[in-house]
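Asker: Mind looking over this structure? Questions follow.
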Amino acid sequence: MRRAKPETIRRRPLDAPPPMADSGVMTSTSTPGGPIAETSAADAPATAEERIFFDATLHPNRSLSPAGFRILMLVAGSSALIVGTLFMVAGAWPVLGFCGAEFLLLYLAFRMNYRAGRAYERIRLTDNQLEIRRFSARGEVGRWRFEPTWLQVSMANPPEHDSQITLSSHGQSLTIGAFLSPAERLEVADALKDAIRRWKNRWNPAAAV
């Protein structure tokens, strides 16, 4: 099965990602609140006639908050300074430079991790199509569109560590939500399957219940 190729797009500056739950009112048309299935009211469809069956923004997990990062850097920097100063007083002055270099590497590693955390994926199922948009820290890097009629959503249940959400249609496939935990991937997969079922039964309200 071939991997689905993204549409050719022109790179543009990164729009601010949808705010997290503690910074604004969030709505969801797929699953309850949480970082894996949120959308802001500002992202409403352009036409009022177009129905939305699924609308989710997937964010990478980041366990360390900005405040926690500052505290960690303060503790690590103070420890490096104290240890380096003690060695310098004892005559081993090069150790102070090594301690500073270690602290700098730790800071850069966390900064790169936070930059990668700005990546996210937007998944929207409407009357006409399923659209997946992928963003990196620099901006939009990929866009895929699927006709939902023959679309299959695959995910191992119970999920394993390397289980992935795979969208497949007409011999092409696409993996989404790779940065989520296995439990979160399963939650998204089940919600998307339910949304596609409702999409297929959209003209038969009794079957959609």
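Residue numbering restarts at 1 for every chain of the structure tokens, chains are lettered A, B, ... in their displayed order, and ligands are numbered from 1 as they appear.
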Which of range 108-185 of chain A end up as helix (DSSP H, G or I) when DSSP is run on this backbone - answer as a count of residues only?

Answerer: 16

Asker: List the spatial neighbours of range 68-74 of chain A as a VMD selection string - criterion: any atom at most 10 Å away, only C-alpha atoms, same-chain residues fewer than 3 positions off excluded.

Answerer: chain A and resid 63 to 65 77 to 80 103 to 104 106 to 107 110 to 111 114

Asker: Pick out the closest residue to Ile123 in chain A from this set: A:Gly84, A:Trp150, A:His161, A:Arg145. Count only C-alpha atoms.

Answerer: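 Residue with the minimum atom-to-atom distance to Ile123 in chain A: A:Arg145.
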
Asker: Residues at most 9 Å from Phe179 in chain A, counting only C-alpha atoms, excluding those fewer than 4 positions away in the same chain, as a list in words?

Answerer: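 The contact residues come out as Leu58, His59, Pro60, Asn61 and Arg185 of chain A.
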
Asker: So which residues of range 49-201 of chain A fall under strand (DSSP E) by DSSP, listed as a PyMOL selection string?

Answerer: chain A and resi 52-58+120-126+130-136+139-146+152-154+165-169+172-176

Asker: Write out the residues from the selection above, keeping N, CA and C atoms, as a tab-separated table (two decimals), in the first residue's frame.

Answerer:
chain	number	residue	atom	x	y	z
A	52	ILE	N	-20.12	19.77	10.01
A	52	ILE	CA	-18.86	19.22	10.49
A	52	ILE	C	-19.17	17.99	11.34
A	53	PHE	N	-18.60	16.86	10.98
A	53	PHE	CA	-18.82	15.62	11.71
A	53	PHE	C	-17.68	15.31	12.66
A	54	PHE	N	-16.51	15.85	12.38
A	54	PHE	CA	-15.34	15.63	13.24
A	54	PHE	C	-14.39	16.79	13.04
A	55	ASP	N	-13.90	17.34	14.15
A	55	ASP	CA	-12.99	18.46	14.06
A	55	ASP	C	-12.06	18.39	15.27
A	56	ALA	N	-10.83	18.00	15.06
A	56	ALA	CA	-9.90	17.80	16.18
A	56	ALA	C	-8.54	18.37	15.85
A	57	THR	N	-7.90	18.92	16.87
A	57	THR	CA	-6.52	19.38	16.77
A	57	THR	C	-5.68	18.52	17.70
A	58	LEU	N	-4.69	17.84	17.15
A	58	LEU	CA	-3.86	16.92	17.93
A	58	LEU	C	-2.55	17.60	18.29
A	120	TYR	N	1.54	20.36	15.32
A	120	TYR	CA	0.20	19.82	15.59
A	120	TYR	C	-0.45	19.39	14.28
A	121	GLU	N	-1.52	18.63	14.40
A	121	GLU	CA	-2.28	18.15	13.24
A	121	GLU	C	-3.73	18.55	13.41
A	122	ARG	N	-4.34	18.95	12.31
A	122	ARG	CA	-5.75	19.34	12.30
A	122	ARG	C	-6.52	18.36	11.42
A	123	ILE	N	-7.56	17.75	11.98
A	123	ILE	CA	-8.36	16.76	11.25
A	123	ILE	C	-9.81	17.24	11.24
A	124	ARG	N	-10.36	17.35	10.04
A	124	ARG	CA	-11.75	17.85	9.91
A	124	ARG	C	-12.50	17.02	8.89
A	125	LEU	N	-13.65	16.50	9.32
A	125	LEU	CA	-14.54	15.75	8.44
A	125	LEU	C	-15.80	16.57	8.23
A	126	THR	N	-16.07	16.93	6.97
A	126	THR	CA	-17.25	17.71	6.62
A	126	THR	C	-18.11	16.92	5.64
A	130	LEU	N	-12.68	14.49	4.10
A	130	LEU	CA	-11.87	14.46	5.32
A	130	LEU	C	-10.56	15.14	4.97
A	131	GLU	N	-10.22	16.17	5.70
A	131	GLU	CA	-8.99	16.93	5.45
A	131	GLU	C	-8.06	16.82	6.64
A	132	ILE	N	-6.81	16.50	6.36
A	132	ILE	CA	-5.76	16.45	7.39
A	132	ILE	C	-4.73	17.51	7.05
A	133	ARG	N	-4.45	18.39	7.99
A	133	ARG	CA	-3.43	19.42	7.82
A	133	ARG	C	-2.38	19.24	8.89
A	134	ARG	N	-1.14	19.24	8.48
A	134	ARG	CA	-0.02	18.99	9.40
A	134	ARG	C	0.85	20.24	9.48
A	135	PHE	N	1.18	20.65	10.71
A	135	PHE	CA	1.96	21.86	10.94
A	135	PHE	C	3.22	21.52	11.74
A	136	SER	N	4.31	22.17	11.39
A	136	SER	CA	5.54	22.09	12.17
A	136	SER	C	5.73	23.44	12.86
A	139	GLY	N	5.49	26.19	10.16
A	139	GLY	CA	4.27	26.43	9.42
A	139	GLY	C	3.69	25.15	8.87
A	140	GLU	N	2.73	25.29	7.96
A	140	GLU	CA	2.06	24.13	7.40
A	140	GLU	C	3.01	23.37	6.48
A	141	VAL	N	3.10	22.06	6.69
A	141	VAL	CA	4.03	21.24	5.92
A	141	VAL	C	3.33	20.17	5.09
A	142	GLY	N	2.04	19.99	5.27
A	142	GLY	CA	1.35	18.97	4.49
A	142	GLY	C	-0.15	19.09	4.62
A	143	ARG	N	-0.84	18.73	3.53
A	143	ARG	CA	-2.30	18.73	3.53
A	143	ARG	C	-2.78	17.56	2.68
A	144	TRP	N	-3.70	16.78	3.25
A	144	TRP	CA	-4.24	15.62	2.55
A	144	TRP	C	-5.76	15.69	2.59
A	145	ARG	N	-6.39	15.25	1.51
A	145	ARG	CA	-7.85	15.18	1.45
A	145	ARG	C	-8.28	13.78	1.02
A	146	PHE	N	-9.28	13.24	1.72
A	146	PHE	CA	-9.82	11.93	1.41
A	146	PHE	C	-11.33	12.03	1.18
A	152	GLN	N	-10.89	3.81	5.39
A	152	GLN	CA	-10.77	2.89	6.51
A	152	GLN	C	-9.84	3.48	7.56
A	153	VAL	N	-10.25	3.38	8.83
A	153	VAL	CA	-9.45	3.84	9.95
A	153	VAL	C	-9.00	2.61	10.74
A	154	SER	N	-7.69	2.40	10.85
A	154	SER	CA	-7.16	1.21	11.50
A	154	SER	C	-6.35	1.60	12.73
A	165	ILE	N	-2.44	5.11	14.20
A	165	ILE	CA	-3.70	5.34	13.50
A	165	ILE	C	-3.39	5.44	12.02
A	166	THR	N	-3.97	4.57	11.22
A	166	THR	CA	-3.71	4.56	9.78
A	166	THR	C	-4.99	4.80	9.02
A	167	LEU	N	-4.98	5.79	8.15
A	167	LEU	CA	-6.08	6.06	7.23
A	167	LEU	C	-5.71	5.46	5.88
A	168	SER	N	-6.60	4.69	5.31
A	168	SER	CA	-6.30	4.05	4.02
A	168	SER	C	-7.51	4.14	3.10
A	169	SER	N	-7.23	4.39	1.83
A	169	SER	CA	-8.28	4.48	0.81
A	169	SER	C	-7.64	4.36	-0.57
A	172	GLN	N	-3.83	3.86	-0.91
A	172	GLN	CA	-2.93	4.82	-0.28
A	172	GLN	C	-3.23	4.88	1.21
A	173	SER	N	-2.21	5.23	1.98
A	173	SER	CA	-2.38	5.26	3.43
A	173	SER	C	-1.67	6.48	4.02
A	174	LEU	N	-2.12	6.87	5.21
A	174	LEU	CA	-1.55	8.00	5.92
A	174	LEU	C	-1.63	7.73	7.41
A	175	THR	N	-0.53	7.96	8.13
A	175	THR	CA	-0.50	7.80	9.58
A	175	THR	C	-0.69	9.15	10.24
A	176	ILE	N	-1.55	9.21	11.24
A	176	ILE	CA	-1.81	10.46	11.96
A	176	ILE	C	-1.61	10.23	13.46

Asker: Just want the 12 Å neighbourhood of Glu160 in chain A, counted on only C-alpha atoms, with same-chain residues fewer than 2 positions away dropped. Output as number ranges by chain.

Answerer: A: 155-158, 162-165, 181-186

Asker: Would you save the residues from that selection as a compact mmCIF listing (two decimals), in the first residue's frame, using C-alpha atoms?

Answerer:
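Saved the output as result.txt:
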# COMPACT_ATOMS: atom_id res chain seq x y z
CA MET A 155 -5.81 1.04 15.05
CA ALA A 156 -4.89 -1.96 17.20
CA ASN A 157 -7.18 -2.53 20.19
CA PRO A 158 -5.90 -2.92 22.85
CA ASP A 162 3.99 1.18 18.41
CA SER A 163 0.32 1.01 17.36
CA GLN A 164 -0.54 3.79 14.91
CA ILE A 165 -3.70 5.34 13.50
CA SER A 181 0.24 8.15 23.57
CA PRO A 182 -1.24 4.75 22.58
CA ALA A 183 -4.37 5.38 24.69
CA GLU A 184 -4.89 8.80 23.09
CA ARG A 185 -4.44 7.35 19.59
CA LEU A 186 -7.13 4.77 20.33

Asker: Quick check, in Å to one decimal: how far apart do CA of Leu96 in chain A and CA of Ile82 in chain A lie?

Answerer: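 That distance, rounded to one decimal, is 9.0 Å.
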
Asker: Point out the residue among A:Lys200, A:Ala137, A:Arg118, A:Asn113 with the least atom-to-atom distance to Thr149 in chain A, counting only C-alpha atoms.

Answerer: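 Among the listed residues, A:Lys200 lies closest to Thr149 in chain A.
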